[in-house]
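Trainee: Next comes the structure file upload.txt, holding compact mmCIF, C-alpha atoms.
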# COMPACT_ATOMS: atom_id res chain seq x y z
CA MET A 1 0.00 0.00 0.00
CA ASN A 2 1.37 3.39 -0.94
CA THR A 3 0.32 5.45 2.06
CA ARG A 4 2.04 8.64 0.92
CA ILE A 5 -0.14 8.95 -2.16
CA GLU A 6 -3.23 8.38 -0.03
CA TYR A 7 -2.17 11.33 2.14
CA ILE A 8 -1.73 13.54 -0.89
CA GLN A 9 -5.13 12.60 -2.30
CA MET A 10 -6.94 13.67 0.87
CA MET A 11 -5.44 17.17 0.76
CA PRO A 12 -7.49 19.94 -0.85
CA HIS A 13 -4.30 21.46 -2.31
CA PHE A 14 -4.04 18.60 -4.77
CA SER A 15 -7.67 17.77 -5.51
CA GLY A 16 -8.46 17.29 -9.17
CA LEU A 17 -5.10 15.82 -10.14
CA SER A 18 -5.00 12.57 -12.06
CA SER A 19 -3.44 9.36 -10.71
CA SER A 20 -0.36 9.82 -12.87
CA GLU A 21 -0.01 13.41 -11.64
CA TYR A 22 -0.23 12.23 -8.02
CA ASP A 23 2.45 9.69 -8.84
CA SER A 24 4.74 12.35 -10.24
CA ILE A 25 4.50 14.66 -7.19
CA LYS A 26 4.56 12.13 -4.35
CA GLN A 27 8.37 12.00 -4.35
CA HIS A 28 8.47 15.51 -2.87
CA PHE A 29 6.68 14.51 0.35
CA TYR A 30 8.14 13.03 3.50
CA GLU A 31 6.62 11.83 6.76
CA LYS A 32 7.33 13.44 10.12
CA LYS A 33 6.12 11.96 13.42
CA VAL A 34 6.13 13.88 16.69
CA SER A 35 4.93 13.26 20.24
CA LYS A 36 2.63 15.37 22.43
CA GLY A 37 4.18 18.72 23.26
CA GLU A 38 6.80 18.64 20.53
CA ILE A 39 7.17 21.79 18.47
CA LEU A 40 6.84 21.43 14.71
CA LEU A 41 7.35 25.11 13.89
CA PHE A 42 8.83 28.04 15.74
CA GLU A 43 7.44 31.51 15.15
CA GLY A 44 10.04 33.65 13.39
CA ASP A 45 12.03 30.79 11.88
CA ALA A 46 12.41 30.66 8.10
CA ALA A 47 9.20 29.39 6.51
CA ASP A 48 10.50 26.50 4.48
CA THR A 49 8.02 23.67 5.14
CA LEU A 50 4.32 23.10 4.55
CA PHE A 51 2.72 20.48 6.80
CA PHE A 52 -0.34 18.28 6.34
CA VAL A 53 -1.75 16.48 9.37
CA ILE A 54 -2.42 12.80 8.81
CA GLU A 55 -3.08 11.68 12.38
CA GLY A 56 -3.55 13.63 15.61
CA VAL A 57 -4.12 17.30 16.33
CA VAL A 58 -1.78 20.30 16.11
CA LYS A 59 -2.27 23.73 17.64
CA VAL A 60 -1.00 26.82 15.85
CA PHE A 61 -0.37 29.65 18.29
CA LYS A 62 1.39 32.91 19.02
CA THR A 63 3.00 33.79 22.34
CA SER A 64 3.13 37.29 23.80
CA ALA A 65 6.20 38.77 25.49
CA ASP A 66 4.73 37.89 28.92
CA GLY A 67 4.13 34.27 27.89
CA LYS A 68 0.39 34.46 27.17
CA GLU A 69 -0.67 32.10 24.41
CA GLN A 70 -3.21 32.85 21.68
CA ILE A 71 -4.27 29.80 19.70
CA LEU A 72 -4.96 30.79 16.10
CA GLN A 73 -6.03 27.43 14.79
CA ILE A 74 -6.49 23.79 15.74
CA ILE A 75 -5.40 21.56 12.87
CA ARG A 76 -7.10 18.20 12.43
CA PRO A 77 -6.32 15.26 10.12
CA GLY A 78 -6.67 16.24 6.47
CA GLU A 79 -5.82 19.88 7.15
CA SER A 80 -2.60 21.82 6.56
CA PHE A 81 -0.67 24.51 8.39
CA ASN A 82 2.01 27.09 7.58
CA ASP A 83 0.42 27.78 4.16
CA VAL A 84 0.43 31.58 4.45
CA PRO A 85 4.16 32.12 5.17
CA VAL A 86 5.23 29.33 2.81
CA PHE A 87 3.33 30.87 -0.09
CA GLY A 88 3.88 34.50 0.77
CA GLY A 89 6.24 35.40 3.58
CA GLU A 90 9.73 34.69 4.72
CA SER A 91 9.29 33.52 8.31
CA ASN A 92 6.77 31.42 10.24
CA LEU A 93 3.95 33.65 11.50
CA ALA A 94 3.16 31.36 14.43
CA SER A 95 4.43 28.30 16.27
CA ALA A 96 2.90 24.83 15.99
CA GLU A 97 2.79 22.17 18.71
CA ALA A 98 1.52 18.59 18.71
CA MET A 99 -1.46 18.17 21.08
CA GLY A 100 -0.91 14.40 21.11
CA ASN A 101 1.00 11.92 19.00
CA VAL A 102 0.95 13.38 15.50
CA VAL A 103 1.84 12.09 12.05
CA THR A 104 2.37 14.70 9.37
CA CYS A 105 3.23 14.67 5.71
CA ALA A 106 5.53 17.56 4.84
CA ILE A 107 6.89 19.22 1.72
CA LYS A 108 9.63 21.80 1.31
CA LYS A 109 8.68 25.27 0.04
CA SER A 110 10.96 24.94 -2.99
CA ASP A 111 9.31 21.63 -3.99
CA MET A 112 5.83 23.08 -3.54
CA GLU A 113 6.78 25.99 -5.80
CA VAL A 114 7.83 23.52 -8.50
CA ILE A 115 4.47 21.71 -8.25
CA ILE A 116 2.53 24.99 -8.43
CA ARG A 117 4.41 26.06 -11.55
CA GLU A 118 3.80 22.71 -13.17
CA TYR A 119 0.13 22.24 -12.23
CA PRO A 120 -2.11 25.36 -12.49
CA ARG A 121 -4.90 23.32 -10.87
CA VAL A 122 -2.85 23.20 -7.66
CA ALA A 123 -2.33 26.98 -7.84
CA ALA A 124 -6.11 27.49 -8.07
CA ASN A 125 -6.64 25.18 -5.08
CA VAL A 126 -4.03 27.08 -3.06
CA ILE A 127 -5.77 30.41 -3.78
CA GLN A 128 -8.99 28.94 -2.41
CA ILE A 129 -7.21 27.64 0.71
CA LEU A 130 -5.55 31.02 1.39
CA SER A 131 -8.94 32.67 0.99
CA GLN A 132 -10.32 30.31 3.66
CA ARG A 133 -7.46 31.27 5.99
CA VAL A 134 -8.39 34.96 5.64
CA THR A 135 -12.02 34.10 6.44
CA GLN A 136 -10.93 32.20 9.57
CA LEU A 137 -8.80 35.11 10.77
CA VAL A 138 -11.63 37.60 10.14
CA SER A 139 -13.84 35.34 12.25
CA LEU A 140 -11.23 35.42 15.05
CA VAL A 141 -11.06 39.22 14.88
CA GLU A 142 -14.86 39.33 15.10
CA ASP A 143 -14.81 37.03 18.16
CA LEU A 144 -12.23 39.13 19.96
CA SER A 145 -13.94 42.42 19.07
CA PHE A 146 -17.62 41.78 19.52
CA ARG A 147 -18.31 38.71 21.69
CA ASN A 148 -18.08 38.64 25.46
CA VAL A 149 -16.13 35.83 27.12
CA THR A 150 -19.19 33.63 27.74
CA GLY A 151 -20.21 34.04 24.11
CA ARG A 152 -16.74 33.07 22.98
CA VAL A 153 -16.71 30.01 25.26
CA ALA A 154 -20.13 29.06 23.85
CA LYS A 155 -18.74 29.30 20.32
CA VAL A 156 -15.76 27.07 21.14
CA LEU A 157 -18.04 24.47 22.77
CA LEU A 158 -20.26 24.38 19.68
CA GLU A 159 -17.25 24.05 17.39
CA TYR A 160 -15.81 21.16 19.37
CA ALA A 161 -19.03 19.32 20.19
CA GLY A 162 -19.18 15.70 19.09
CA ASN A 163 -21.91 13.12 19.49
CA GLY A 164 -19.80 11.00 21.84
CA SER A 165 -18.76 8.50 19.18
CA ASP A 166 -16.78 10.55 16.67
CA GLU A 167 -13.20 11.68 17.33
CA LYS A 168 -13.05 15.29 18.45
CA PRO A 169 -10.03 16.89 20.12
CA ARG A 170 -10.34 17.22 23.87
CA LEU A 171 -9.71 20.65 25.30
CA THR A 172 -8.32 21.85 28.58
CA GLN A 173 -9.60 25.10 30.07
CA GLN A 174 -6.15 26.55 29.39
CA GLU A 175 -6.48 25.73 25.71
CA MET A 176 -9.99 27.21 25.54
CA ALA A 177 -8.63 30.37 27.15
CA ALA A 178 -5.80 30.58 24.64
CA MET A 179 -8.24 30.12 21.75
CA ILE A 180 -10.53 32.94 22.78
CA GLY A 181 -7.89 35.32 24.10
CA THR A 182 -8.73 35.35 27.78
CA ALA A 183 -7.48 33.98 31.10
CA ARG A 184 -8.17 30.40 32.23
CA GLU A 185 -10.08 31.73 35.23
CA MET A 186 -12.53 33.47 32.90
CA VAL A 187 -13.19 30.21 31.08
CA GLY A 188 -13.87 28.46 34.38
CA ARG A 189 -16.29 31.20 35.38
CA SER A 190 -18.05 31.11 32.01
CA LEU A 191 -18.50 27.33 32.17
CA LYS A 192 -19.99 27.71 35.65
CA THR A 193 -22.35 30.44 34.42
CA LEU A 194 -23.46 28.31 31.47
CA GLU A 195 -24.07 25.37 33.81
CA GLU A 196 -26.09 27.50 36.23
CA GLU A 197 -28.21 28.72 33.32
CA GLY A 198 -28.87 25.12 32.27
CA THR A 199 -27.17 25.47 28.90
CA ILE A 200 -24.50 22.88 29.64
CA ARG A 201 -23.92 20.16 32.23
CA MET A 202 -20.47 19.32 33.57
CA GLU A 203 -19.93 15.60 34.14
CA ARG A 204 -16.39 14.88 35.28
CA ASN A 205 -14.29 15.33 32.13
CA ARG A 206 -17.22 15.97 29.83
CA VAL A 207 -19.01 19.17 28.94
CA ILE A 208 -22.49 18.19 27.82
CA ILE A 209 -24.46 20.69 25.78
CA THR A 210 -28.04 20.44 27.01
CA ASN A 211 -29.50 23.42 25.18
CA GLN A 212 -27.91 24.00 21.80
CA GLU A 213 -30.27 26.80 20.83
CA THR A 214 -29.45 28.97 23.84
CA LEU A 215 -25.75 28.27 23.40
CA MET A 216 -25.99 29.32 19.74
CA ALA A 217 -27.77 32.50 20.71
CA LEU A 218 -24.99 33.29 23.21
CA ALA A 219 -22.38 32.50 20.58
CA GLY A 220 -24.15 34.69 18.05
CA THR A 221 -24.34 31.93 15.49
CA ASN A 222 -27.25 30.71 13.42
CA LYS A 223 -28.64 27.18 13.36
CA MET B 1 -9.20 2.72 34.15
CA ALA B 2 -10.89 6.10 33.75
CA ASP B 3 -9.10 9.04 32.15
CA MET B 4 -6.55 10.72 34.36
CA PRO B 5 -4.97 14.17 34.34
CA GLN B 6 -1.90 14.10 32.10
CA ILE B 7 1.45 15.19 33.50
CA ASP B 8 4.25 16.55 31.31
CA VAL B 9 7.32 15.38 33.23
CA GLU B 10 9.59 17.65 31.20
CA LYS B 11 7.75 20.72 32.45
CA CYS B 12 7.15 19.43 36.01
CA ASN B 13 9.63 20.78 38.58
CA GLY B 14 8.26 18.66 41.41
CA CYS B 15 7.05 21.61 43.47
CA GLY B 16 4.16 19.52 44.82
CA LEU B 17 1.47 22.18 44.59
CA CYS B 18 -0.70 19.82 42.52
CA ALA B 19 -0.46 17.07 45.13
CA SER B 20 -1.36 19.55 47.85
CA VAL B 21 -4.62 20.59 46.19
CA CYS B 22 -5.70 17.25 44.67
CA SER B 23 -9.26 16.55 45.81
CA CYS B 24 -8.86 12.81 45.27
CA GLN B 25 -5.34 12.57 46.70
CA ILE B 26 -4.04 10.66 43.70
CA ILE B 27 -1.06 12.88 42.89
CA ALA B 28 2.26 12.25 44.57
CA ILE B 29 5.80 13.49 44.06
CA VAL B 30 8.18 10.67 43.19
CA ASP B 31 11.81 11.39 42.33
CA SER B 32 11.02 15.11 42.12
CA LYS B 33 8.23 14.63 39.59
CA ALA B 34 4.44 14.56 39.95
CA VAL B 35 2.90 11.16 39.24
CA ILE B 36 -0.65 9.83 39.32
CA ILE B 37 -1.09 7.00 41.80
CA PRO B 38 -4.63 5.59 41.49
CA ARG B 39 -6.11 4.44 44.77
CA ASN B 40 -7.37 0.92 45.28
CA ASP B 41 -10.76 2.02 46.54
CA CYS B 42 -11.75 3.95 43.41
CA SER B 43 -10.83 4.45 39.78
CA GLY B 44 -8.70 7.50 40.48
CA CYS B 45 -9.60 11.08 39.66
CA ARG B 46 -13.34 11.10 40.22
CA GLN B 47 -14.04 14.79 40.41
CA TRP B 48 -12.02 16.29 37.56
CA CYS B 49 -11.89 19.46 39.64
CA THR B 50 -8.90 20.68 37.53
CA LEU B 51 -7.35 22.35 40.58
CA CYS B 52 -4.03 20.65 39.81
CA GLU B 53 -4.00 22.14 36.30
CA ASP B 54 -5.07 25.51 37.65
CA ILE B 55 -2.39 25.71 40.33
CA CYS B 56 0.59 24.30 38.40
CA PRO B 57 3.06 27.17 37.88
CA ASN B 58 4.63 25.40 34.89
CA LYS B 59 1.45 24.36 33.10
CA ALA B 60 2.63 20.76 33.37
CA ILE B 61 -0.77 19.16 34.09
CA TYR B 62 -3.61 18.83 31.61
CA CYS B 63 -7.22 18.02 32.49
CA ALA B 64 -8.90 17.85 29.10
CA PHE B 65 -12.66 17.92 28.50
CA GLU B 66 -14.66 16.17 25.84
CA VAL B 67 -17.51 18.31 24.51
CA VAL B 68 -20.66 16.34 23.76
CA MET B 69 -24.02 17.34 22.32
CA GLU B 70 -26.82 15.81 24.40
CA ASN B 71 -29.43 13.96 22.43
CA THR B 72 -32.47 15.94 23.57
CA PRO B 73 -35.49 17.12 21.56
CA GLU B 74 -34.25 20.71 21.96
CA ASN B 75 -30.94 19.82 20.35
CA LEU B 76 -32.33 17.92 17.38
Would you kindly transcribe this structure into structure tokens?
Mentor:
Amino acid sequence: MNTRIEYIQMMPHFSGLSSSEYDSIKQHFYEKKVSKGEILLFEGDAADTLFFVIEGVVKVFKTSADGKEQILQIIRPGESFNDVPVFGGESNLASAEAMGNVVTCAIKKSDMEVIIREYPRVAANVIQILSQRVTQLVSLVEDLSFRNVTGRVAKVLLEYAGNGSDEKPRLTQQEMAAMIGTAREMVGRSLKTLEEEGTIRMERNRVIITNQETLMALAGTNK
Amino acid sequence: MADMPQIDVEKCNGCGLCASVCSCQIIAIVDSKAVIIPRNDCSGCRQWCTLCEDICPNKAIYCAFEVVMENTPENL
């Protein structure tokens, strides 16, 4: 089984290519495995690698001078990170850390540039992906500007809610705080408020959403 | 065994604050590192109070939550 080509086929960057085209580009990719807590990218380092997550979850974050962390994105299997600096800038805009054991498929910037020149279809896909990144960042700006902390916690809970059987990343209160740009204590307080209002129920290490509609109203999202 | 708080031994400096606040008394300091020692009379961390995570000065303990949508008529 050629696992590398399977990885490539699940990535939106390369959708629409033929089997022979996949075959011709697969040589550029290599696998990188890391354990929980390992850093895949350091903010400020030269942006020379584009990563695709195959297994596990990666957090992309920035750290302030006083050590406060702001998570920009949680990357799940089938998604990529470091696209923006690889395609446009010179240095990594953020750091990336494995939230558990992670398997990635990586490609060097120079090799990706060769593929883009050779396959206009890939260039069109990349434009679409970069456009999605801008949309995600606009959404983050909106969260930070207009939603109160409880509303932001509500939005994170809705985004990470599973039905109990599918694989969703687990979140600590520290991680929720870093995602929404607040202190951990504020997240704890918001969860307590939501529980008192009957919107969620805390059961040991589970946050159970009991009233999705109210939570959506707090988050300012539509059903 | 039920899920337990996760300890990053690289970050842990063995200060013992986590053990001092643990509601279930399942955290101990062994060889200058925090370790989870489940008790025989229960499955371990029953409360998931997250005090250990909250108090750790090095952010070396993780108490992660799973978010689940309850299957109620309101949520369908």
Trainee: Define the interface residues of chain B facing chain A as those within 6 Å, counting all atoms listed in the file, and report them as a PyMOL selection string.
Mentor: chain B and resi 47-48+63-70+75
Trainee: Can you write just those residues out, C-alpha atoms, as a PDB file, in the frame of the given file?
Mentor:
ATOM      1  CA  GLN B  47     -14.040  14.790  40.410  1.00  0.00           C
ATOM      2  CA  TRP B  48     -12.020  16.290  37.560  1.00  0.00           C
ATOM      3  CA  CYS B  63      -7.220  18.020  32.490  1.00  0.00           C
ATOM      4  CA  ALA B  64      -8.900  17.850  29.100  1.00  0.00           C
ATOM      5  CA  PHE B  65     -12.660  17.920  28.500  1.00  0.00           C
ATOM      6  CA  GLU B  66     -14.660  16.170  25.840  1.00  0.00           C
ATOM      7  CA  VAL B  67     -17.510  18.310  24.510  1.00  0.00           C
ATOM      8  CA  VAL B  68     -20.660  16.340  23.760  1.00  0.00           C
ATOM      9  CA  MET B  69     -24.020  17.340  22.320  1.00  0.00           C
ATOM     10  CA  GLU B  70     -26.820  15.810  24.400  1.00  0.00           C
ATOM     11  CA  ASN B  75     -30.940  19.820  20.350  1.00  0.00           C
TER      12      ASN B  75
END
Trainee: Here is a test: counting only C-alpha atoms, which residue of A:Val122, A:Ile129, A:Ile107, A:Ala96 is nearest to A:Ser18?
Mentor: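 Smallest distance to A:Ser18 is found for A:Val122.
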Trainee: Find the distance between atom CA of A:Lys68 and atom CA of A:Ala94 and write it in Å to one decimal.
Mentor: 13.4 Å
Trainee: Please provide as a ChimeraX atom specification all residues within 8 Å of B:Ile36, with the sequence filter that same-chain residues fewer than 6 positions apart are discarded (counting only C-alpha atoms).
Mentor: /B:4-5,26-28
Trainee: Which residue gives the smallest distance to B:Gly16 among B:Asn71, B:Asp31, B:Tyr62, B:Asp3, with all atoms listed in the file counted?
Mentor: B:Asp31
Trainee: Report, in Å with one decimal, the straight-line distance from atom CA of A:Gly78 to atom CA of A:Tyr7.
Mentor: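 So the answer is 7.9 Å.
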Trainee: Mind pulling up the distance from atom CA of A:Leu130 to atom CA of A:Val57?
Mentor: 20.3 Å
Trainee: Which one is closest to B:Gln6: A:Leu72, A:Met99, A:Val114, A:Ala183? Count only C-alpha atoms.
Mentor: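 Going through A:Leu72, A:Met99, A:Val114, A:Ala183 one by one, the smallest distance to B:Gln6 is for A:Met99.
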